[in-house]
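Engineer: My structure is below; once you've seen it, I'll send some questions.
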Amino acid sequence: MYPQARKHKRTLTLVAGIFAIWGTLWISRQYLVSSESAKLEWQMNSKPSFDPSLLQKSSFDWSSVPFEYPPGELIPLPTGRGPQLPTIQARFRGSETSRDKKTREERRLEVKRIFLDDWKAYKKYAWMKDSLMPISGGSRDQFSGWAATLVDSLDSLWIMGLREEFDEAVIAVAGLDFGRAASPRVNTFETNIRYLGGLLAAYDLSKREVLLVKAIELGDLLSTAFNTKNRMPVDFIDFESAKTGQGLTVESIVVSASPGTLSLEMTRLSQLTGDSKYYDAIARVMNVFYQGQNQTSLPGLWPTYVSMSSGDVTTGNKFTLAGNSDSLYEYLPKEYALLGGREPKYEAMSKAFLETAKNELLFRPMIPDNEPILIASSAGVSSEGRVDLDEETEHLACYLGGVYALSGKLFDNPQYTKIGTKLTLGCVYGYRSFPTGIMPERLNMVACESFQDCEWDEERFDEEKKKRPEWSSHLPLGFTTAKDPRYLLRPEAIESVFVLYRITGKRVWQELGWKMFTAVVNGSRTGLGSHASVQDVTRAAEKLPQEDYMESFWLAETLKYFYLLFSAPDIISLDDYVLNTEAHPFLRIK
């Protein structure tokens, strides 16, 4: 080839390469600009209107407390290059027809409408109070009086594109005084998941500095919970004693979820501030759980009740994956993801719990149509080491399907994802089996011999139901009790349905979720246009009996998960965010 021709060919190649790069960048830019996530961010974050002069610092400076028991040398927040973590969400691009999109959008807007009805009721009857009484129009302050429903709902407002309501709520947050409380004792667990979690997530989404300022104030308050001889946290902070710096006394026995559900929030606060003192506090706690995990009578799991005063997380023979222990287990793989895989002990703890739970506490229930679903149970361990299932589950245990499915992707274990699918279908079965279309708070079923060998046996069912004094003839076949027939507006089942949809990309999860939504909304609606806890979902009635109470998590979690189920999948992508146990999304560090 002549030199001139060779030069001409190189020029053409260079030009073609430039056009290819430009084309790729243009397509990427168009995708980013047109993505629903980018549109939402522009709508909610462009030209923030907050006036900094509206910020009111709390009447007490919690950062000035002279600890009687300071931490000493801090455990540093893990930094540096972490492992490449697997992708969690399914590939959705181009998978939705125009008809499917229309249906999805209609459902998304209906969830938003219901949320707005409840928000307006809260604003009218309970503004700046912890919770709404949705039948009488009253209010309650059971979480220290810092407007729990408002703070818990901040990120829901942002996610739903409610700019005016969000801006108004941010102004309200700016005036919160964490130097005063409505009660003499502050619940460490609830303050952490609802308040601190709500502030951190809303900051991650909106970047409103006032939210981080308030999160730091609250983080410093919560730090006093660790001002104890062994640096283990108290369950309840004595508010006035904590201000003096006097060491607090750790309760002798607490539920394991309480100290085990502080890691995500305190870690995220350290990531945002660069101050390791928050991470240090929870790292010491989780080291105790790590060291004791394989020393219990059911290695891999911790007993329901633990003693943080003595650092004993091994003694005890009662184990559960549901209430009192649930979020301890939930936070293990999530903390691993939030830290970007930089602390391997969370992977080890996650796998140990997932394996033991699979082998010992999950069962396939015997049901008439022989569906291959799974249920999470509790158990006792005898002195001989025999594990005795109580064949009982709770709505609270329905988070577990999502945790298994997430772990399956995070740890590249398809078996976990399959287990998560069957656990989630088990909770969906609990919803569709009852005449109201809603799963009760607590129930019993009959466990099959194995996950595989499970044929319906009506004679055996009749024998088993006679052993349960709570059995009633109105219960559907397959259920030997509904010990607690209430529905408390809980989110755990729809949480797992949402996670399974985002992981698999299968529309069937949206269809299942929509049936759950219509049942829950219709059964819990009050005369004020809001929604209340239901006292009995096991019997059909034109008007279900209700309790005059609306948990803040109805707006913070339940309706948020329903909304996200019908949102574009790039809104709060599971590859970008970790959601805490109150559904507050924290930005992942990659």
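Ordered as shown in the structure tokens, chains take letters A, B, and onward, while each chain numbers its residues from 1 and ligands are numbered from 1 in the order shown.
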So that I can see what lies close to Glu371 in chain A, please list as number ranges by chain the residues with an atom at most 12 Å from it, counting only C-alpha atoms and leaving out residues fewer than 3 positions away in the same chain.
Structural biologist: A: 364-368, 374-375, 422-423, 425-426, 428-429, 451-456, 478
Engineer: Find the residues near Ser524 in chain A: any atom within 8 Å, counting only C-alpha atoms, skip ones fewer than 2 places away on the same chain, and give them as a list in words.
Structural biologist: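 These residues fall inside the cut-off: Leu489, Val520, Val521, Asn522, Thr526, His531, Ala532, Ser533, Val534, Leu544 and Gln546 of chain A.
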Engineer: Store the residues picked out above, limited to C-alpha atoms, as a compact mmCIF listing (two decimals), in the first residue's frame.
Structural biologist:
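Okay, this is what ended up in part_8.txt:
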# COMPACT_ATOMS: atom_id res chain seq x y z
CA LEU A 489 -50.42 -1.83 57.99
CA VAL A 520 -55.07 -3.66 52.10
CA VAL A 521 -56.34 -0.23 51.04
CA ASN A 522 -59.99 -1.30 50.97
CA THR A 526 -61.35 5.03 57.50
CA HIS A 531 -56.03 4.17 56.83
CA ALA A 532 -55.95 2.33 60.14
CA SER A 533 -54.78 -0.96 61.59
CA VAL A 534 -57.34 -3.76 61.20
CA LEU A 544 -63.62 -4.53 58.97
CA GLN A 546 -60.27 -1.16 63.03
Engineer: Report the distance between CA of Gln510 in chain A and CA of Pro545 in chain A in Å, rounded to one decimal place.
Structural biologist: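 Those two atoms sit 28.2 Å apart.
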Engineer: What's the 10 Å shell around Tyr331 in chain A, counting only C-alpha atoms, without same-chain residues fewer than 2 positions away, as an MDAnalysis selection string?
Structural biologist: chainID A and resid 257 260:264 326:329 333:338 346 350 403 578:581
Engineer: Skipping near chain neighbours, those fewer than 6 positions away, what residues fall within 10 Å of Glu41 in chain A using only C-alpha atoms, listed as an MDAnalysis selection string?
Structural biologist: chainID A and resid 158:159 161 205:206 571
Engineer: Tell me, which residues of range 52-207 of chain A carry DSSP strand (DSSP E or B), written as a PyMOL selection string?
Structural biologist: chain A and resi 131-133+138-140+185-187
Engineer: Take the residues from that selection and put them in a file with N, CA, C and O atoms, as a PDB file, in the first residue's frame.
Structural biologist:
ATOM      1  N   SER A 131     -47.652  10.400  65.359  1.00  0.00           N
ATOM      2  CA  SER A 131     -48.541   9.563  64.547  1.00  0.00           C
ATOM      3  C   SER A 131     -49.966  10.081  64.564  1.00  0.00           C
ATOM      4  O   SER A 131     -50.392  10.789  65.481  1.00  0.00           O
ATOM      5  N   LEU A 132     -50.684   9.704  63.545  1.00  0.00           N
ATOM      6  CA  LEU A 132     -52.087  10.066  63.356  1.00  0.00           C
ATOM      7  C   LEU A 132     -52.995   9.000  63.948  1.00  0.00           C
ATOM      8  O   LEU A 132     -52.732   7.799  63.815  1.00  0.00           O
ATOM      9  N   MET A 133     -54.075   9.441  64.566  1.00  0.00           N
ATOM     10  CA  MET A 133     -55.159   8.548  64.952  1.00  0.00           C
ATOM     11  C   MET A 133     -56.229   8.700  63.870  1.00  0.00           C
ATOM     12  O   MET A 133     -56.985   9.683  63.867  1.00  0.00           O
ATOM     13  N   GLY A 138     -57.286  12.284  66.019  1.00  0.00           N
ATOM     14  CA  GLY A 138     -56.364  12.699  67.065  1.00  0.00           C
ATOM     15  C   GLY A 138     -54.918  12.413  66.686  1.00  0.00           C
ATOM     16  O   GLY A 138     -54.589  12.122  65.534  1.00  0.00           O
ATOM     17  N   SER A 139     -54.027  12.484  67.682  1.00  0.00           N
ATOM     18  CA  SER A 139     -52.599  12.253  67.427  1.00  0.00           C
ATOM     19  C   SER A 139     -51.955  11.641  68.660  1.00  0.00           C
ATOM     20  O   SER A 139     -52.516  11.680  69.760  1.00  0.00           O
ATOM     21  N   ARG A 140     -50.757  11.076  68.447  1.00  0.00           N
ATOM     22  CA  ARG A 140     -49.986  10.487  69.536  1.00  0.00           C
ATOM     23  C   ARG A 140     -48.527  10.872  69.395  1.00  0.00           C
ATOM     24  O   ARG A 140     -48.044  11.103  68.295  1.00  0.00           O
ATOM     25  N   ARG A 185     -37.417   8.844  78.519  1.00  0.00           N
ATOM     26  CA  ARG A 185     -36.526   7.836  77.944  1.00  0.00           C
ATOM     27  C   ARG A 185     -36.725   7.774  76.433  1.00  0.00           C
ATOM     28  O   ARG A 185     -37.850   7.797  75.933  1.00  0.00           O
ATOM     29  N   VAL A 186     -35.620   7.680  75.718  1.00  0.00           N
ATOM     30  CA  VAL A 186     -35.644   7.654  74.257  1.00  0.00           C
ATOM     31  C   VAL A 186     -35.294   6.250  73.779  1.00  0.00           C
ATOM     32  O   VAL A 186     -34.266   5.687  74.181  1.00  0.00           O
ATOM     33  N   ASN A 187     -36.138   5.688  72.927  1.00  0.00           N
ATOM     34  CA  ASN A 187     -35.924   4.344  72.395  1.00  0.00           C
ATOM     35  C   ASN A 187     -34.812   4.383  71.341  1.00  0.00           C
ATOM     36  O   ASN A 187     -34.966   5.001  70.285  1.00  0.00           O
TER      37      ASN A 187
END
